[in-house]
Every structure is written in structure tokens, then in C-alpha cells.
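Trainee: CSV, C-alpha atoms and all ligand atoms, saved as query38.csv, coming up:
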```csv
chain,number,residue,atom,x,y,z
A,24,MET,CA,136.5,88.1,106.7
A,25,ARG,CA,134.3,85.3,105.4
A,26,MET,CA,132.9,82.9,108.0
A,27,THR,CA,134.2,79.4,107.7
A,28,ILE,CA,132.9,76.1,108.8
A,29,LEU,CA,135.5,76.3,111.6
A,30,ASP,CA,133.9,79.5,112.8
A,31,ILE,CA,130.5,77.8,112.7
A,32,GLN,CA,131.9,74.9,114.8
A,33,LYS,CA,133.3,77.5,117.3
A,34,MET,CA,130.0,79.2,117.6
A,35,LYS,CA,128.5,75.8,118.5
A,36,GLU,CA,131.3,75.1,121.1
A,37,ARG,CA,130.7,78.5,122.7
A,38,GLY,CA,127.0,77.7,123.1
A,39,GLU,CA,125.9,80.4,120.6
A,40,ARG,CA,122.7,80.0,118.7
A,41,ILE,CA,123.3,80.2,115.0
A,42,PRO,CA,120.9,82.1,112.7
A,43,MET,CA,120.7,81.2,109.1
A,44,ILE,CA,118.5,82.5,106.3
A,45,THR,CA,117.9,81.6,102.7
A,46,ALA,CA,118.7,84.1,99.9
A,47,TYR,CA,118.4,83.7,96.2
A,48,ASP,CA,119.8,87.0,94.7
A,49,TYR,CA,122.4,89.7,95.1
A,50,THR,CA,120.2,92.3,96.9
A,51,SER,CA,118.7,89.9,99.5
A,52,ALA,CA,122.2,88.4,100.1
A,53,GLN,CA,123.6,91.9,100.7
A,54,ILE,CA,120.8,92.6,103.2
A,55,ALA,CA,121.2,89.3,105.0
A,56,ASP,CA,125.0,89.8,105.0
A,57,ARG,CA,124.8,93.3,106.4
A,58,ALA,CA,122.4,92.1,109.1
A,59,GLY,CA,125.2,89.8,110.3
A,60,MET,CA,123.9,86.4,109.2
A,61,PRO,CA,126.8,83.9,109.8
A,62,MET,CA,125.3,81.6,107.2
A,63,ILE,CA,123.2,82.1,104.1
A,64,LEU,CA,121.5,79.1,102.4
A,65,VAL,CA,120.8,79.2,98.7
A,66,GLY,CA,118.0,76.6,99.1
A,67,ASP,CA,116.3,74.8,96.4
A,68,SER,CA,113.2,76.3,97.9
A,69,LEU,CA,114.2,78.7,95.1
A,70,GLY,CA,112.0,76.5,92.9
A,71,MET,CA,108.9,77.5,94.8
A,72,VAL,CA,109.5,81.0,96.1
A,73,VAL,CA,111.3,82.4,93.1
A,74,LEU,CA,110.6,80.2,90.1
A,75,GLY,CA,107.0,79.3,90.8
A,76,TYR,CA,107.3,75.5,90.7
A,77,THR,CA,105.0,73.5,93.0
A,78,SER,CA,108.0,71.7,94.7
A,79,THR,CA,111.7,71.6,94.7
A,80,VAL,CA,111.8,68.6,92.4
A,81,PRO,CA,112.1,70.4,89.1
A,82,VAL,CA,115.0,72.6,90.1
A,83,THR,CA,118.1,72.1,88.0
A,84,LEU,CA,121.7,72.5,88.9
A,85,ASP,CA,122.0,75.3,86.3
A,86,GLU,CA,119.1,77.2,87.9
A,87,MET,CA,120.8,76.8,91.2
A,88,LEU,CA,124.1,78.0,89.9
A,89,HIS,CA,122.6,81.1,88.4
A,90,HIS,CA,121.3,82.2,91.8
A,91,ILE,CA,124.2,80.9,94.0
A,92,LYS,CA,126.6,83.1,92.0
A,93,ALA,CA,124.4,86.2,92.7
A,94,VAL,CA,124.3,85.4,96.4
A,95,VAL,CA,128.1,84.9,96.6
A,96,ARG,CA,128.5,88.3,94.8
A,97,GLY,CA,126.1,89.9,97.3
A,98,SER,CA,127.7,88.7,100.4
A,99,GLN,CA,131.1,89.4,102.0
A,100,HIS,CA,131.0,87.8,105.4
A,101,ALA,CA,128.4,85.0,105.5
A,102,LEU,CA,129.3,81.4,104.7
A,103,VAL,CA,127.2,80.6,101.6
A,104,VAL,CA,125.8,77.0,101.7
A,105,ALA,CA,124.1,75.8,98.5
A,106,ASP,CA,121.6,73.1,98.0
A,107,LEU,CA,122.4,70.3,95.6
A,108,PRO,CA,119.1,69.8,93.8
A,109,PHE,CA,117.1,66.7,93.2
A,110,LEU,CA,118.9,63.8,91.4
A,111,THR,CA,122.2,65.6,91.2
A,112,TYR,CA,123.8,63.4,93.9
A,113,ALA,CA,122.3,60.0,93.1
A,114,SER,CA,125.8,58.4,93.1
A,115,VAL,CA,129.2,59.4,94.5
A,116,GLU,CA,130.5,60.2,91.0
A,117,GLN,CA,127.5,62.4,90.2
A,118,ALA,CA,127.7,64.1,93.6
A,119,ILE,CA,131.4,64.9,93.0
A,120,THR,CA,130.6,66.5,89.6
A,121,SER,CA,127.6,68.4,90.9
A,122,ALA,CA,129.3,69.7,94.1
A,123,GLY,CA,132.4,70.4,92.1
A,124,ARG,CA,130.5,72.6,89.8
A,125,VAL,CA,128.8,74.4,92.7
A,126,MET,CA,132.1,75.1,94.4
A,127,GLN,CA,134.1,76.0,91.3
A,128,GLU,CA,131.5,77.9,89.2
A,129,SER,CA,129.6,79.7,91.9
A,130,GLY,CA,132.1,80.2,94.6
A,131,ALA,CA,129.8,78.8,97.3
A,132,HIS,CA,131.6,77.6,100.4
A,133,ALA,CA,129.6,74.4,101.2
A,134,VAL,CA,126.9,72.3,99.8
A,135,LYS,CA,123.8,70.8,101.4
A,136,LEU,CA,122.2,67.5,100.5
A,137,GLU,CA,119.2,65.6,101.8
A,138,GLY,CA,119.1,62.1,103.3
A,139,GLY,CA,120.4,60.0,106.2
A,140,VAL,CA,122.4,56.8,106.3
A,141,SER,CA,122.0,56.3,102.6
A,142,VAL,CA,123.9,59.5,101.7
A,143,ALA,CA,126.6,59.1,104.3
A,144,PRO,CA,129.1,57.6,101.8
A,145,ILE,CA,128.4,60.5,99.4
A,146,ILE,CA,129.0,63.0,102.2
A,147,ALA,CA,132.2,61.2,103.3
A,148,ARG,CA,133.6,61.3,99.7
A,149,LEU,CA,132.8,65.0,99.2
A,150,VAL,CA,134.3,65.9,102.6
A,151,ALA,CA,137.5,63.8,101.7
A,152,LEU,CA,137.8,65.9,98.6
A,153,GLY,CA,137.6,69.2,100.5
A,154,ILE,CA,134.0,70.1,100.0
A,155,PRO,CA,132.2,71.1,103.2
A,156,VAL,CA,128.8,69.4,103.5
A,157,MET,CA,125.7,70.1,105.5
A,158,GLY,CA,123.2,67.3,105.9
A,159,HIS,CA,119.4,67.6,105.9
A,160,ILE,CA,117.0,65.1,107.6
A,161,GLY,CA,113.4,65.0,108.8
A,162,PHE,CA,111.1,66.4,106.2
A,163,THR,CA,113.3,66.3,103.0
A,164,PRO,CA,111.4,68.4,100.4
A,165,GLN,CA,113.0,66.5,97.4
A,166,SER,CA,111.2,63.4,98.6
A,167,VAL,CA,107.8,65.1,98.8
A,168,ASN,CA,106.3,62.7,96.3
A,169,GLN,CA,107.2,59.9,98.7
A,170,ILE,CA,106.6,61.3,102.1
A,171,GLY,CA,104.1,64.2,101.7
A,172,THR,CA,104.7,67.3,103.7
A,173,ARG,CA,104.0,66.1,107.2
A,174,VAL,CA,106.1,66.2,110.4
A,175,GLN,CA,108.6,63.3,110.3
A,176,GLY,CA,109.8,61.1,113.2
A,177,ARG,CA,106.6,61.1,115.3
A,178,GLU,CA,106.6,57.3,115.7
A,179,ALA,CA,109.2,55.6,117.9
A,180,ARG,CA,110.8,53.7,115.0
A,181,ALA,CA,111.0,56.7,112.7
A,182,ALA,CA,112.4,58.8,115.5
A,183,ALA,CA,115.1,56.2,116.3
A,184,GLN,CA,116.0,56.1,112.6
A,185,LEU,CA,116.4,59.9,112.5
A,186,ILE,CA,118.9,59.7,115.4
A,187,VAL,CA,120.8,57.0,113.5
A,188,ASP,CA,120.7,59.2,110.4
A,189,ALA,CA,122.0,62.2,112.2
A,190,LEU,CA,124.9,60.2,113.8
A,191,ALA,CA,125.8,58.7,110.4
A,192,ILE,CA,125.9,62.2,108.8
A,193,GLU,CA,128.1,63.5,111.6
A,194,ALA,CA,130.4,60.4,111.3
A,195,ALA,CA,130.6,61.0,107.5
A,196,GLY,CA,132.2,64.4,108.2
A,197,ALA,CA,129.3,66.9,107.7
A,198,PHE,CA,129.9,70.3,109.5
A,199,GLY,CA,126.2,70.7,110.3
A,200,ILE,CA,122.8,69.3,109.8
A,201,VAL,CA,119.4,70.8,109.0
A,202,LEU,CA,116.5,69.2,111.0
A,203,GLU,CA,113.3,70.0,109.2
A,204,LEU,CA,109.8,69.4,110.5
A,205,ILE,CA,110.5,67.0,113.3
A,206,PRO,CA,109.1,67.1,116.9
A,207,ALA,CA,111.0,69.5,119.1
A,208,GLU,CA,111.8,66.9,121.7
A,209,LEU,CA,113.4,64.7,119.1
A,210,ALA,CA,115.4,67.6,117.7
A,211,ALA,CA,116.7,68.4,121.2
A,212,VAL,CA,117.8,64.8,121.7
A,213,ILE,CA,119.6,64.7,118.3
A,214,THR,CA,121.3,68.1,119.1
A,215,SER,CA,122.5,66.8,122.5
A,216,ARG,CA,124.0,63.7,120.8
A,217,LEU,CA,125.9,65.6,118.1
A,218,ARG,CA,129.1,67.6,118.2
A,219,ILE,CA,128.2,69.5,115.0
A,220,PRO,CA,125.5,72.1,115.0
A,221,THR,CA,121.9,71.3,114.2
A,222,ILE,CA,120.0,74.0,112.3
A,223,GLY,CA,116.2,73.6,112.8
A,224,ILE,CA,113.2,74.6,110.7
A,225,GLY,CA,110.0,73.5,112.3
A,226,ALA,CA,112.1,71.5,114.8
A,227,GLY,CA,111.7,73.6,118.0
A,228,ALA,CA,114.0,75.7,120.0
A,229,GLY,CA,116.4,73.0,121.1
A,230,CYS,CA,118.5,73.1,117.9
A,231,THR,CA,121.8,74.9,117.8
A,232,GLY,CA,120.5,77.3,115.2
A,233,GLN,CA,117.5,78.1,113.1
A,234,VAL,CA,116.9,78.6,109.4
A,235,GLN,CA,114.0,80.4,107.8
A,236,VAL,CA,113.1,80.9,104.2
A,237,TRP,CA,113.5,84.6,103.1
A,238,HIS,CA,110.1,84.9,101.6
A,239,ASP,CA,108.2,83.2,104.5
A,240,MET,CA,110.1,85.3,107.1
A,241,LEU,CA,109.3,88.6,105.3
A,242,GLY,CA,105.7,87.8,104.5
A,243,LEU,CA,106.4,87.8,100.8
A,244,TYR,CA,105.1,84.4,99.8
A,245,ARG,CA,101.4,84.0,100.3
A,246,ASP,CA,100.8,80.7,98.6
A,247,PHE,CA,102.0,78.7,101.6
A,248,ALA,CA,102.0,79.8,105.3
A,249,PRO,CA,103.6,77.0,107.3
A,250,ARG,CA,103.2,77.0,111.1
A,251,HIS,CA,107.0,77.1,111.5
A,252,ALA,CA,107.5,80.3,109.6
A,253,LYS,CA,107.2,83.5,111.6
A,254,HIS,CA,106.4,86.6,109.6
A,255,TYR,CA,108.8,89.3,110.9
A,256,ALA,CA,107.3,91.7,108.3
A,257,ASN,CA,104.4,91.7,105.9
A,258,LEU,CA,106.2,92.9,102.8
A,259,ALA,CA,103.7,91.5,100.3
A,260,ASP,CA,101.2,94.1,101.6
A,261,GLN,CA,103.7,96.9,101.8
A,262,ILE,CA,105.1,96.2,98.4
A,263,GLY,CA,101.6,95.8,96.9
A,264,ALA,CA,100.6,99.2,98.4
A,265,ALA,CA,103.8,100.8,97.0
A,266,VAL,CA,103.2,99.4,93.5
A,267,GLU,CA,99.6,100.6,93.6
A,268,SER,CA,100.7,104.1,94.7
A,269,TYR,CA,103.2,104.2,91.9
A,270,ALA,CA,100.7,103.1,89.3
A,271,SER,CA,98.1,105.7,90.5
A,272,GLU,CA,100.7,108.5,90.5
A,273,VAL,CA,101.7,107.6,86.9
A,274,ARG,CA,98.0,107.6,85.9
A,275,ALA,CA,97.5,111.0,87.6
A,276,GLY,CA,100.6,112.5,86.1
A,277,SER,CA,102.1,113.3,89.5
A,278,PHE,CA,105.1,111.0,88.9
A,279,PRO,CA,107.8,111.8,87.9
A,280,GLY,CA,108.1,115.1,89.7
A,281,ALA,CA,110.7,117.8,88.9
A,282,GLU,CA,113.0,116.2,91.5
A,283,HIS,CA,113.1,112.9,89.6
A,284,SER,CA,113.9,114.5,86.2
A,285,ALA,CA,117.0,116.0,84.5
A,286,THR,CA,116.7,119.4,83.0
A,287,MET,CA,118.4,121.5,80.3
A,288,PRO,CA,118.6,125.2,79.7
A,289,ALA,CA,115.8,126.5,77.4
A,290,ASP,CA,118.2,128.1,75.0
A,291,THR,CA,120.0,124.7,74.5
A,292,LEU,CA,116.7,123.1,73.5
A,293,THR,CA,115.9,126.0,71.2
A,294,ALA,CA,119.3,125.6,69.6
A,295,ALA,CA,118.7,121.9,69.2
A,296,LEU,CA,115.4,122.4,67.5
A,297,ALA,CA,116.9,125.1,65.2
A,298,GLN,CA,119.6,122.6,64.2
A,299,LEU,CA,117.0,120.0,63.4
A,300,ALA,CA,115.1,122.6,61.3
A,301,ASP,CA,118.4,123.4,59.4
A,302,ARG,CA,119.0,119.7,58.7
A,303,ALA,CA,115.5,119.2,57.4
A,304,GLY,CA,116.0,122.3,55.1
A,305,GLU,CA,119.3,120.8,53.8
A,306,ALA,CA,117.7,117.5,53.0
A,401,LIG,O1,115.6,74.8,100.3
A,401,LIG,C1,115.6,75.3,101.4
A,401,LIG,O2,115.3,76.5,101.6
A,401,LIG,C2,115.9,74.5,102.6
A,401,LIG,C3,115.6,75.0,103.9
A,401,LIG,C4,114.1,74.9,104.2
A,401,LIG,C5,116.3,74.3,105.0
A,401,LIG,O3,116.4,73.4,102.4
```
Go ahead and render the structure in this file as C-alpha cells.

Mentor:
Amino acid sequence: MRMTILDIQKMKERGERIPMITAYDYTSAQIADRAGMPMILVGDSLGMVVLGYTSTVPVTLDEMLHHIKAVVRGSQHALVVADLPFLTYASVEQAITSAGRVMQESGAHAVKLEGGVSVAPIIARLVALGIPVMGHIGFTPQSVNQIGTRVQGREARAAAQLIVDALAIEAAGAFGIVLELIPAELAAVITSRLRIPTIGIGAGAGCTGQVQVWHDMLGLYRDFAPRHAKHYANLADQIGAAVESYASEVRAGSFPGAEHSATMPADTLTAALAQLADRAGEA
């Protein structure tokens, strides 16, 4: 059975911590799903870790859809949350069109969008139309050109604003909220004031759950090593070594071995060559 937003809310009410991970393709979604992830995020971090952009700003809705579809196909149990990319929810009407496409074309189960009080009316409208929405405040990567990549909410005024933003997102009907790159103490206060789960990334252990980017967590993405990303594996090294071994075996002629090859009886091949000779004689 697929997880629903009601199941996520029940996890929060039972005091369970909620793990979430990003995925961008069929295979990784399958691995995450089989590992028991209750929620998979098809983040617009896709732009950086998969498509090689320098930020999430260039990511388009069509690019997202391509990957969200694969993640939905690869998962059976996880709730798939998909990011609405930059400038696809600048108005309520545009948000309805964009979120509608995500839900109808990809089969995702919820959308995520960035922003606080200013996006609350958009969240409220999407929720009223039956689209589950996850909020995202703190460091909001789509605003990188305005806010840089630093921790948000360190000053009293900014911290107070983030609390107001979180409450507005909850009041608008969001089923959860990502808190990215904010002080742990502030994230804990926000979490204690909300009924919906908070999912932290670089926001300390006081959140209801945590989200990590697939490539960071597995040590696949070497261009950027943020403090909040723990490497549970160093797959870039392992994959690099595997690719080198493969290349050297091809160069040495030791791959493929007999066990990797199909065979045919020698007399069948002899017959085939004889037929070829006959055809050449006839021509
Ligand atoms: O795009 C993304 O992967 C995200 C997470 C970092 C929360 O928004």
C-alpha cells in the first residue's frame, strides 16, 4: 500500500521520526522504496546533481516531469513528493496549472514549493483543489541569487519571520514543511509549534524528520560537500574503481569471459559459413 499524507501525519502523532530521501530515477526510487522510505522527494536539486546546472533555477517543469514519472514507476510504497520548479507557481493560476500537470502527468502524490507567508494563498488554493502540498522555508534554493547559500534565521527578526512563515504554511493546509539550513534551536521551536511534521535538512535533530539528497548521502556528488550532508557511503570512489577495472579488463582481453558469452555448436557455425559460401557462389 502506498503511504498517504494521513499516514505521514499519524507518524508525527505517534512521535516517530520520518526519514525522507531524494530520488530522480527508476532505479534509485526502487532502492529507496525497498529500503522502506515513507517519503521520496523528487527535488529540483535534480538540476545540480543530475543535470549539471549550477543551481536549481534553470530546472523546467518538463525536466522535472521526466524524472518524477520514473520515480513513481520505481516506487510502490513511498509517498512521492515533487518539487515545483522556479517560476512555475508565481501566481495561483500558474501554480494550479503546474501542480495539476505534476499530479496528472507524473502520478506524484504531492508537490513541494518554496516560500513563507507570500505563498500561503497558493498553498491554500492547491490544497482546496485536492493537491497535497509540502512547504519549504529557511534556505530556499530557488532564491539563491537573492539570499546566497548561508544559514537563514540567525538574527532575531529573521528567526521570528520564519516562525510566522511556518505557521502560515500550516494554516494554509500544507501537510508538512521542509526546514533547510536554519539553526537547530529555531527548527526545534518551529517543530514544537506545529501540528504538521517538519522535515529538516541542515536544521538539527529537533525536526520531526530529515531529508537528504541521494547523491550527497551516497558520496556520489563531489562538487559540493555541505556540512549537513553525511556520507553513508563513498560510491563515487567505488564506482570509479569499478569502471577502471572494467576498462582495464577490456584492454587486457579478460572481459568478457566465457561465463558472460553465449555459445553455439561448432557444426552450426560450420553450416552457416557453408551456406554463406553457397550464396556467394549463386550470386
Ligand atoms: O531539491 C531538493 O532536493 C530539496 C531538498 C534539499 C529539501 O528541496

Trainee: What does the structure give for the distance between atom CA of Gly97 of chain A and atom CA of Gln53 of chain A, in Å to one decimal?

Mentor: 4.7 Å

Trainee: What's the separation between atom CA of Ala101 of chain A and atom CA of Gly59 of chain A, in Å to one decimal place?

Mentor: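 Between atom CA of Ala101 of chain A and atom CA of Gly59 of chain A the gap is 7.5 Å.
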
Trainee: Once you count all atoms listed in the file, which residues end up within 8 Å of ligand LIG 401 (chain A), and could you hand them over as a ChimeraX atom specification?

Mentor: /A:45,64-69,79,106,135,159,163-164,201-203,223-224,234-236

Trainee: Those residues you just picked out, can you put them in a file as a PDB file, keeping the file's coordinate frame with C-alpha atoms?

Mentor:
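Full text of selection.pdb as output:
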```pdb
ATOM      1  CA  THR A  45     117.900  81.600 102.700  1.00  0.00           C
ATOM      2  CA  LEU A  64     121.500  79.100 102.400  1.00  0.00           C
ATOM      3  CA  VAL A  65     120.800  79.200  98.700  1.00  0.00           C
ATOM      4  CA  GLY A  66     118.000  76.600  99.100  1.00  0.00           C
ATOM      5  CA  ASP A  67     116.300  74.800  96.400  1.00  0.00           C
ATOM      6  CA  SER A  68     113.200  76.300  97.900  1.00  0.00           C
ATOM      7  CA  LEU A  69     114.200  78.700  95.100  1.00  0.00           C
ATOM      8  CA  THR A  79     111.700  71.600  94.700  1.00  0.00           C
ATOM      9  CA  ASP A 106     121.600  73.100  98.000  1.00  0.00           C
ATOM     10  CA  LYS A 135     123.800  70.800 101.400  1.00  0.00           C
ATOM     11  CA  HIS A 159     119.400  67.600 105.900  1.00  0.00           C
ATOM     12  CA  THR A 163     113.300  66.300 103.000  1.00  0.00           C
ATOM     13  CA  PRO A 164     111.400  68.400 100.400  1.00  0.00           C
ATOM     14  CA  VAL A 201     119.400  70.800 109.000  1.00  0.00           C
ATOM     15  CA  LEU A 202     116.500  69.200 111.000  1.00  0.00           C
ATOM     16  CA  GLU A 203     113.300  70.000 109.200  1.00  0.00           C
ATOM     17  CA  GLY A 223     116.200  73.600 112.800  1.00  0.00           C
ATOM     18  CA  ILE A 224     113.200  74.600 110.700  1.00  0.00           C
ATOM     19  CA  VAL A 234     116.900  78.600 109.400  1.00  0.00           C
ATOM     20  CA  GLN A 235     114.000  80.400 107.800  1.00  0.00           C
ATOM     21  CA  VAL A 236     113.100  80.900 104.200  1.00  0.00           C
TER      22      VAL A 236
END
```

Trainee: Fewer than 5 positions away in the same chain doesn't count, so skip those; otherwise give me all residues within 12 Å of Ile119 of chain A, counting only C-alpha atoms, as a list in words.

Mentor: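 In the requested form, the answer reads Leu107, Thr111, Tyr112, Ala113, Ser114, Arg124, Val125, Met126, Gln127, Val134, Pro144, Ile145, Ile146, Ala147, Arg148, Leu149, Val150, Ala151, Leu152, Gly153, Ile154, Pro155 and Val156 of chain A.
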
Trainee: Once you have the residues from the selection above, write them out as a PDB file, keeping the file's coordinate frame, restricted to C-alpha atoms.

Mentor:
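Once everything was written out, this is part_9.pdb:
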```
ATOM      1  CA  LEU A 107     122.400  70.300  95.600  1.00  0.00           C
ATOM      2  CA  THR A 111     122.200  65.600  91.200  1.00  0.00           C
ATOM      3  CA  TYR A 112     123.800  63.400  93.900  1.00  0.00           C
ATOM      4  CA  ALA A 113     122.300  60.000  93.100  1.00  0.00           C
ATOM      5  CA  SER A 114     125.800  58.400  93.100  1.00  0.00           C
ATOM      6  CA  ARG A 124     130.500  72.600  89.800  1.00  0.00           C
ATOM      7  CA  VAL A 125     128.800  74.400  92.700  1.00  0.00           C
ATOM      8  CA  MET A 126     132.100  75.100  94.400  1.00  0.00           C
ATOM      9  CA  GLN A 127     134.100  76.000  91.300  1.00  0.00           C
ATOM     10  CA  VAL A 134     126.900  72.300  99.800  1.00  0.00           C
ATOM     11  CA  PRO A 144     129.100  57.600 101.800  1.00  0.00           C
ATOM     12  CA  ILE A 145     128.400  60.500  99.400  1.00  0.00           C
ATOM     13  CA  ILE A 146     129.000  63.000 102.200  1.00  0.00           C
ATOM     14  CA  ALA A 147     132.200  61.200 103.300  1.00  0.00           C
ATOM     15  CA  ARG A 148     133.600  61.300  99.700  1.00  0.00           C
ATOM     16  CA  LEU A 149     132.800  65.000  99.200  1.00  0.00           C
ATOM     17  CA  VAL A 150     134.300  65.900 102.600  1.00  0.00           C
ATOM     18  CA  ALA A 151     137.500  63.800 101.700  1.00  0.00           C
ATOM     19  CA  LEU A 152     137.800  65.900  98.600  1.00  0.00           C
ATOM     20  CA  GLY A 153     137.600  69.200 100.500  1.00  0.00           C
ATOM     21  CA  ILE A 154     134.000  70.100 100.000  1.00  0.00           C
ATOM     22  CA  PRO A 155     132.200  71.100 103.200  1.00  0.00           C
ATOM     23  CA  VAL A 156     128.800  69.400 103.500  1.00  0.00           C
TER      24      VAL A 156
END
```

Trainee: How many Å lie between atom CA of Arg57 of chain A and atom CA of Val103 of chain A, rounded to one decimal?

Mentor: 13.8 Å

Trainee: Quick one: everything within 12 Å of Ala256 of chain A, counting only C-alpha atoms, minus sequence neighbours fewer than 6 positions away in the same chain. Send it as a list in words.

Mentor: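 Residues meeting the cut-off are Trp237, His238, Asp239, Met240, Leu241, Gly242, Leu243, Tyr244 and Ile262 of chain A.
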
Trainee: Using all atoms listed in the file, which residues sit within 7 Å of Asp188 of chain A once same-chain residues fewer than 3 positions away are excluded, as an NGL selection string?

Mentor: :A and (139-140 or 184-185 or 191-192)

Trainee: Within 12 Å of (126.7, 67.5, 120.6) in the file's own coordinates, which protein, DNA or RNA residues have an atom, counting all atoms listed in the file? List them as a list in words.

Mentor: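 These residues have at least one counted atom within 12 Å: Gln32, Lys35, Glu36, Arg37, Gly38, Ala189, Leu190, Glu193, Phe198, Gly199, Ile200, Ala210, Ala211, Val212, Ile213, Thr214, Ser215, Arg216, Leu217, Arg218, Ile219, Pro220, Thr221, Gly229, Cys230 and Thr231 of chain A.
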
Trainee: Can you list, as a list in words, every protein, DNA or RNA residue that comes within 12 Å of Lys92 of chain A when you count all atoms listed in the file, leaving out same-chain residues fewer than 3 positions away?

Mentor: Ala46, Tyr47, Asp48, Tyr49, Ala52, Val65, Asp85, Glu86, Met87, Leu88, His89, Val95, Arg96, Gly97, Ser98, Val103, Val104, Ala105, Arg124, Val125, Met126, Gln127, Glu128, Ser129, Gly130, Ala131 and His132 of chain A

Trainee: Using all atoms listed in the file, which of the listed residues (A:Ala275, A:Ala197, A:Ala300, A:Leu136) sits closest to Ser166 of chain A?

Mentor: A:Leu136

Trainee: With distances taken over only C-alpha atoms, which of A:Gln99, A:Gln165, A:Ala133, A:Ile44 is nearest to Pro81 of chain A?

Mentor: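 So, comparing all the options, the nearest one is A:Gln165.
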